[in-house]
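Here's the structure, in structure tokens; my notes come after.
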Amino acid sequence: MVPVLLILWGATVIPPADLLPDPKVSLLPPVNFTIRVTGLAQVLLSWEPDPDQEPRNAHLEYHVKIHAPQDDDFETGSTESTCMAPLHKGFSASVRTILQEGHAPLASSWVSAELQAPPGSPGTSVSNLTCATSTTAGGGHLRPHRVSLHCTWLSGEETPPDTQYFLYYRYGSWTEECQEYSKDPTGRNTACWVPRSSISSKGHGWLAVHVNGTSRTAAIRPFDQLFGVQAIARANPPTNVTAQIQGTRLSIQWDKPISAFPQHCFDYEVKIHNTKKNYLQVEKITTNAFVSVIDHLSKYSIQVRAAVSPACRTAGLWSEWTPPIYVGSEARKPLMEWLLILLTVTACFAVLICPLLCRICHLWARLFPPVPVPKSHIKDLLVTAHCEKAGSSATETEVISFVEGLGCEVLENSVF
């Protein structure tokens with residue numbers, strides 16, 4: 001029994017002969033490795049197995065390593081591979097033969113190839129290249145929606161004055177040159193508009209954009225860039241936005257944007273601006289209706305925008321905001337309400353100002369008391385003398401009248 005167990009144990013730790021690499025097998029590197037440009041920002045890597053490779057019936061695979069413009073590596077059983085990459089800085093790669101047998105795979109030495117960068121003076125290529133797509137209706141029966149492309153860029157810092165730029169794009173196997181440009185004040189192309197591109201309205205994958213230029217005094221260096229089609233797709237704004245107020249309840253509704261995607265594939269943002277209080281409210285929702293509680297005495301500005309939901313594809317760009325619509329009004333207060341406010345303010349003012357005035361008057365009297373007037377003895381003397389003189393020649397009535405005219409008091413039973 002023990003020998004049997006030993007035999008079984010040995011079978012579990014010693015791999016079968018067919019899983020062990022053949023020490024006589026020597027892997028040779030591929031031959032005729034080339035890099036060839038097949039389109040905008042696209043190259044074809046191709047090679048052949050060494051004709052002296054033995055055994056000829058071995059299942060050979062290949063390990064490909066990309067060095068420039070960006071490191072990458074992968075394995076393939078084919079003898080060619082298509083790669084998409086910006087080519088304005090060149091392209092280089094290596095490949096080797098591998099044999100996946102047993103627990104110790106074999107690998108040959110590397111062979112390399114390089115694609116030189118295109119000629120051009122430093123600082124002459126464009127910079128800040130950005131692109132976006134949008135969808136419009138009316139593409140026809142087979143394609144009811146058409147996709148437009150809009151790209152902008154900046155001129156190179158060392159660009160000669162007579163430089164002119166031109167844009168090309170490739171989506172799939174279709175390559176097209178831009179026909180509608182926008183120019184800067186010097187007449188140089190700085191933007192491109194393709195109203196009807198070959199891009200699918202539900203497209204995915206990569207968009208390759210190439211911008212080159214011409215000048216009589218310098219070689220203009222080209223520029224390539226890859227864009228994810230879904231990442232640059234800008235949704236259209238929602239349509240038919242309506243809003244109404246019922247008491248303190250604001251209800252907003254709209255229709256989905258013009259798009260090949262169905263209703264459930266959109267996210268929305270609603271912006272509500274209280275123009276009276278200058279208060280801004282932004283809400284993100286997934287339906288095409290929104291209800292909010294508001295101040296019924298305020299006026300509101302309402303805008304909505306949309307974006308394709310990540311549930312349907314990689315999230316793209318938000319749409320522009322819809323034109324603002326206005327609801328509500330900054331209503332004036334009734335006349336009786338204003339009158340009540342005025343009376344209240346007046347009463348409060350009177351209550352506050354009266355004690356203050358009293359205190360001021362009392363303080364004034366204490367600071368500046370009235371000055372006493374001295375008694376005029378001269379006036380009394382003149383009146384008495386005149387009365388005595390008049391009494392000798394005038395009648396009693398005339399004397400009394402004269403005395404009263406001078407302000408003298410005539411005593412009862414006076415004798416003149």
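Just remember, in the structure tokens the first chain shown is A, the second B, etc., residues are 1-based per chain, and ligands are 1-based in the order shown.
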
Show me, as a compact mmCIF listing (two decimals) with N, CA, C and O atoms, in the first residue's frame, the residues that have an atom within 8 Å of A:Leu226 when counting only C-alpha atoms, minus same-chain residues fewer than 6 positions from it.
```
# COMPACT_ATOMS: atom_id res chain seq x y z
N ALA A 41 -4.01 59.44 -37.50
CA ALA A 41 -3.74 58.92 -36.16
C ALA A 41 -3.94 57.41 -36.09
O ALA A 41 -4.42 56.88 -35.08
N ALA A 85 -3.29 56.29 -32.40
CA ALA A 85 -2.47 57.12 -31.51
C ALA A 85 -2.12 58.41 -32.25
O ALA A 85 -2.02 58.42 -33.48
N PRO A 86 -1.94 59.52 -31.53
CA PRO A 86 -1.45 60.74 -32.18
C PRO A 86 -0.05 60.48 -32.74
O PRO A 86 0.82 59.92 -32.07
N TRP A 206 -13.62 56.20 -31.20
CA TRP A 206 -12.71 57.33 -31.20
C TRP A 206 -12.87 58.18 -32.45
O TRP A 206 -13.13 57.68 -33.54
N LEU A 207 -12.70 59.48 -32.25
CA LEU A 207 -12.67 60.44 -33.35
C LEU A 207 -11.25 60.98 -33.45
O LEU A 207 -10.70 61.51 -32.47
N ALA A 208 -10.62 60.83 -34.61
CA ALA A 208 -9.27 61.32 -34.84
C ALA A 208 -9.34 62.67 -35.54
O ALA A 208 -10.01 62.80 -36.57
N VAL A 209 -8.66 63.67 -34.99
CA VAL A 209 -8.64 65.02 -35.56
C VAL A 209 -7.19 65.39 -35.85
O VAL A 209 -6.30 65.22 -35.00
```

Hey, what's within 10 Å of A:Pro161 if we count only C-alpha atoms and toss same-chain stuff fewer than 4 positions away? As an mmCIF file with all heavy atoms, in the first residue's frame, please?
```cif
data_model
loop_
_atom_site.group_PDB
_atom_site.id
_atom_site.type_symbol
_atom_site.label_atom_id
_atom_site.label_comp_id
_atom_site.auth_asym_id
_atom_site.auth_seq_id
_atom_site.Cartn_x
_atom_site.Cartn_y
_atom_site.Cartn_z
ATOM 1 N N THR A 186 -6.624 88.324 -37.905
ATOM 2 C CA THR A 186 -5.571 88.305 -38.922
ATOM 3 C C THR A 186 -5.950 87.470 -40.138
ATOM 4 O O THR A 186 -5.162 87.367 -41.083
ATOM 5 C CB THR A 186 -4.265 87.761 -38.318
ATOM 6 O OG1 THR A 186 -4.452 86.382 -37.945
ATOM 7 C CG2 THR A 186 -3.853 88.568 -37.100
ATOM 8 N N GLY A 187 -7.137 86.842 -40.114
ATOM 9 C CA GLY A 187 -7.564 86.017 -41.237
ATOM 10 C C GLY A 187 -7.123 84.575 -41.147
ATOM 11 O O GLY A 187 -7.296 83.812 -42.107
ATOM 12 N N ARG A 188 -6.603 84.141 -40.012
ATOM 13 C CA ARG A 188 -6.120 82.772 -39.833
ATOM 14 C C ARG A 188 -7.240 81.889 -39.298
ATOM 15 O O ARG A 188 -8.002 82.295 -38.416
ATOM 16 C CB ARG A 188 -4.928 82.777 -38.877
ATOM 17 C CG ARG A 188 -4.285 81.421 -38.657
ATOM 18 C CD ARG A 188 -3.105 81.566 -37.716
ATOM 19 N NE ARG A 188 -2.093 82.461 -38.286
ATOM 20 C CZ ARG A 188 -1.161 83.048 -37.579
ATOM 21 N NH1 ARG A 188 -1.115 82.880 -36.262
ATOM 22 N NH2 ARG A 188 -0.268 83.816 -38.165
ATOM 23 N N SER A 215 2.876 77.591 -44.791
ATOM 24 C CA SER A 215 3.522 78.899 -44.696
ATOM 25 C C SER A 215 4.636 78.944 -45.723
ATOM 26 O O SER A 215 5.264 77.920 -46.034
ATOM 27 C CB SER A 215 4.082 79.139 -43.289
ATOM 28 O OG SER A 215 4.837 80.329 -43.240
ATOM 29 N N ARG A 216 4.900 80.131 -46.247
ATOM 30 C CA ARG A 216 5.971 80.277 -47.235
ATOM 31 C C ARG A 216 7.342 80.371 -46.576
ATOM 32 O O ARG A 216 8.359 80.196 -47.245
ATOM 33 C CB ARG A 216 5.731 81.525 -48.088
ATOM 34 C CG ARG A 216 4.507 81.454 -48.975
ATOM 35 C CD ARG A 216 4.456 82.634 -49.929
ATOM 36 N NE ARG A 216 4.352 83.898 -49.203
ATOM 37 C CZ ARG A 216 3.215 84.471 -48.855
ATOM 38 N NH1 ARG A 216 2.060 83.875 -49.157
ATOM 39 N NH2 ARG A 216 3.204 85.610 -48.198
ATOM 40 N N THR A 217 7.383 80.624 -45.265
ATOM 41 C CA THR A 217 8.663 80.863 -44.608
ATOM 42 C C THR A 217 9.069 79.765 -43.638
ATOM 43 O O THR A 217 10.217 79.766 -43.167
ATOM 44 C CB THR A 217 8.613 82.194 -43.838
ATOM 45 O OG1 THR A 217 7.561 82.137 -42.862
ATOM 46 C CG2 THR A 217 8.352 83.357 -44.789
#
```

**Prompt:** Residues of stretch 1-192 of chain A in strand (DSSP E) according to DSSP, as an MDAnalysis selection string?
**Reply:** chainID A and resid 31:39 42:48 61:68 72:76 80:84 91:99 106:107 111:115 127:137 145:154 164:171 174:177 180:183 189:192

**Item:** For A:Gly213, the nearest of the candidates A:Pro119, A:Gly316, A:Pro323, A:Pro257, counting only C-alpha atoms
**Value:** A:Pro119

**Request:** Considering only C-alpha atoms, return as a list in words whatever protein or nucleic-acid residues lie within 8 Å of A:Ser259, sequence-local ones (same chain, fewer than 5 positions apart) excluded.
**Result:** Thr135, Thr136, Ala137, His145, Ser201, Ala235 and Asn236 of chain A

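Going from atom CA of A:Gly205 to atom CA of A:Leu154 covers 25.8 Å.
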
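Using only C-alpha atoms, the nearest neighbour of A:Arg96 within the list A:Pro29, A:Gly156, A:Pro49, A:Pro122 is A:Pro29.
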
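Distance-wise, atom CA of A:Pro185 and atom CA of A:Gln225 end up 25.7 Å apart.
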
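Using only C-alpha atoms, the residues found no farther than 10 Å from A:Ala93, other than those of its own chain fewer than 2 positions away, are Phe33, Thr34, Ile35, Leu45, Val64, Lys65, Ile66, His67, Ala68, Pro69, Asp71, Asp72, Asp73, Phe91, Val95, Trp110, Val111, Ser112, Ala113, Glu114 and Leu115 of chain A.
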
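Distances to A:Leu280 were evaluated for A:Ser292, A:Tyr300, A:Phe349, A:Ser309 using only C-alpha atoms, and the minimum falls at A:Tyr300.
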
**Message:** Applying 10 Å and only C-alpha atoms, which residues near A:Pro118 remain after dropping the ones on its own chain fewer than 4 positions away? List them as a ChimeraX atom specification.
**Reply:** /A:87-90,220-223

**Asked** Can you tell me, as JSON, numbers by chain, what residues are no more than 10 Å from A:Glu320 when counting only C-alpha atoms, ignoring any on the same chain fewer than 2 positions away?
**Response** {"A": [234, 235, 236, 237, 238, 303, 304, 305, 306, 307, 317, 318, 322, 323]}

Take the selection from the previous step and output its residues with N, CA, C and O atoms, as a PDB file, in the first residue's frame.
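Contents of part_8.pdb, freshly written:
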```
ATOM      1  N   ARG A 234     -22.280  66.757 -27.043  1.00  0.00           N
ATOM      2  CA  ARG A 234     -23.037  67.735 -26.257  1.00  0.00           C
ATOM      3  C   ARG A 234     -24.529  67.568 -26.538  1.00  0.00           C
ATOM      4  O   ARG A 234     -24.963  67.618 -27.685  1.00  0.00           O
ATOM      5  N   ALA A 235     -25.288  67.347 -25.487  1.00  0.00           N
ATOM      6  CA  ALA A 235     -26.730  67.185 -25.645  1.00  0.00           C
ATOM      7  C   ALA A 235     -27.374  68.509 -26.050  1.00  0.00           C
ATOM      8  O   ALA A 235     -26.834  69.591 -25.790  1.00  0.00           O
ATOM      9  N   ASN A 236     -28.525  68.408 -26.688  1.00  0.00           N
ATOM     10  CA  ASN A 236     -29.313  69.594 -27.014  1.00  0.00           C
ATOM     11  C   ASN A 236     -30.118  70.030 -25.791  1.00  0.00           C
ATOM     12  O   ASN A 236     -30.435  69.219 -24.919  1.00  0.00           O
ATOM     13  N   PRO A 237     -30.469  71.304 -25.706  1.00  0.00           N
ATOM     14  CA  PRO A 237     -31.308  71.751 -24.580  1.00  0.00           C
ATOM     15  C   PRO A 237     -32.699  71.119 -24.653  1.00  0.00           C
ATOM     16  O   PRO A 237     -33.181  70.759 -25.741  1.00  0.00           O
ATOM     17  N   PRO A 238     -33.365  70.969 -23.522  1.00  0.00           N
ATOM     18  CA  PRO A 238     -34.757  70.494 -23.528  1.00  0.00           C
ATOM     19  C   PRO A 238     -35.644  71.451 -24.325  1.00  0.00           C
ATOM     20  O   PRO A 238     -35.310  72.619 -24.541  1.00  0.00           O
ATOM     21  N   GLN A 303     -34.635  78.100 -15.957  1.00  0.00           N
ATOM     22  CA  GLN A 303     -33.880  77.531 -17.073  1.00  0.00           C
ATOM     23  C   GLN A 303     -33.622  76.052 -16.796  1.00  0.00           C
ATOM     24  O   GLN A 303     -33.525  75.633 -15.648  1.00  0.00           O
ATOM     25  N   VAL A 304     -33.494  75.265 -17.893  1.00  0.00           N
ATOM     26  CA  VAL A 304     -33.275  73.822 -17.780  1.00  0.00           C
ATOM     27  C   VAL A 304     -32.184  73.420 -18.776  1.00  0.00           C
ATOM     28  O   VAL A 304     -32.089  73.997 -19.867  1.00  0.00           O
ATOM     29  N   ARG A 305     -31.357  72.439 -18.400  1.00  0.00           N
ATOM     30  CA  ARG A 305     -30.395  71.865 -19.338  1.00  0.00           C
ATOM     31  C   ARG A 305     -30.368  70.352 -19.161  1.00  0.00           C
ATOM     32  O   ARG A 305     -30.885  69.819 -18.163  1.00  0.00           O
ATOM     33  N   ALA A 306     -29.733  69.637 -20.129  1.00  0.00           N
ATOM     34  CA  ALA A 306     -29.802  68.178 -20.146  1.00  0.00           C
ATOM     35  C   ALA A 306     -28.443  67.580 -20.488  1.00  0.00           C
ATOM     36  O   ALA A 306     -27.569  68.248 -21.051  1.00  0.00           O
ATOM     37  N   ALA A 307     -28.289  66.295 -20.139  1.00  0.00           N
ATOM     38  CA  ALA A 307     -27.110  65.503 -20.503  1.00  0.00           C
ATOM     39  C   ALA A 307     -27.538  64.047 -20.598  1.00  0.00           C
ATOM     40  O   ALA A 307     -28.462  63.614 -19.888  1.00  0.00           O
ATOM     41  N   LEU A 317     -21.244  65.810 -22.607  1.00  0.00           N
ATOM     42  CA  LEU A 317     -21.269  67.197 -22.158  1.00  0.00           C
ATOM     43  C   LEU A 317     -22.704  67.645 -21.892  1.00  0.00           C
ATOM     44  O   LEU A 317     -23.644  67.219 -22.577  1.00  0.00           O
ATOM     45  N   TRP A 318     -22.878  68.534 -20.910  1.00  0.00           N
ATOM     46  CA  TRP A 318     -24.181  69.138 -20.645  1.00  0.00           C
ATOM     47  C   TRP A 318     -24.559  70.063 -21.791  1.00  0.00           C
ATOM     48  O   TRP A 318     -23.694  70.682 -22.427  1.00  0.00           O
ATOM     49  N   THR A 322     -31.556  76.445 -21.400  1.00  0.00           N
ATOM     50  CA  THR A 322     -32.650  76.969 -22.210  1.00  0.00           C
ATOM     51  C   THR A 322     -32.803  78.470 -21.965  1.00  0.00           C
ATOM     52  O   THR A 322     -32.395  78.972 -20.913  1.00  0.00           O
ATOM     53  N   PRO A 323     -33.379  79.199 -22.917  1.00  0.00           N
ATOM     54  CA  PRO A 323     -33.637  80.625 -22.661  1.00  0.00           C
ATOM     55  C   PRO A 323     -34.526  80.778 -21.427  1.00  0.00           C
ATOM     56  O   PRO A 323     -35.424  79.966 -21.188  1.00  0.00           O
TER      57      PRO A 323
END
```

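Taking atom CA of A:Ser108 and atom CA of A:Gln70 as endpoints, the distance between them is 23.5 Å.
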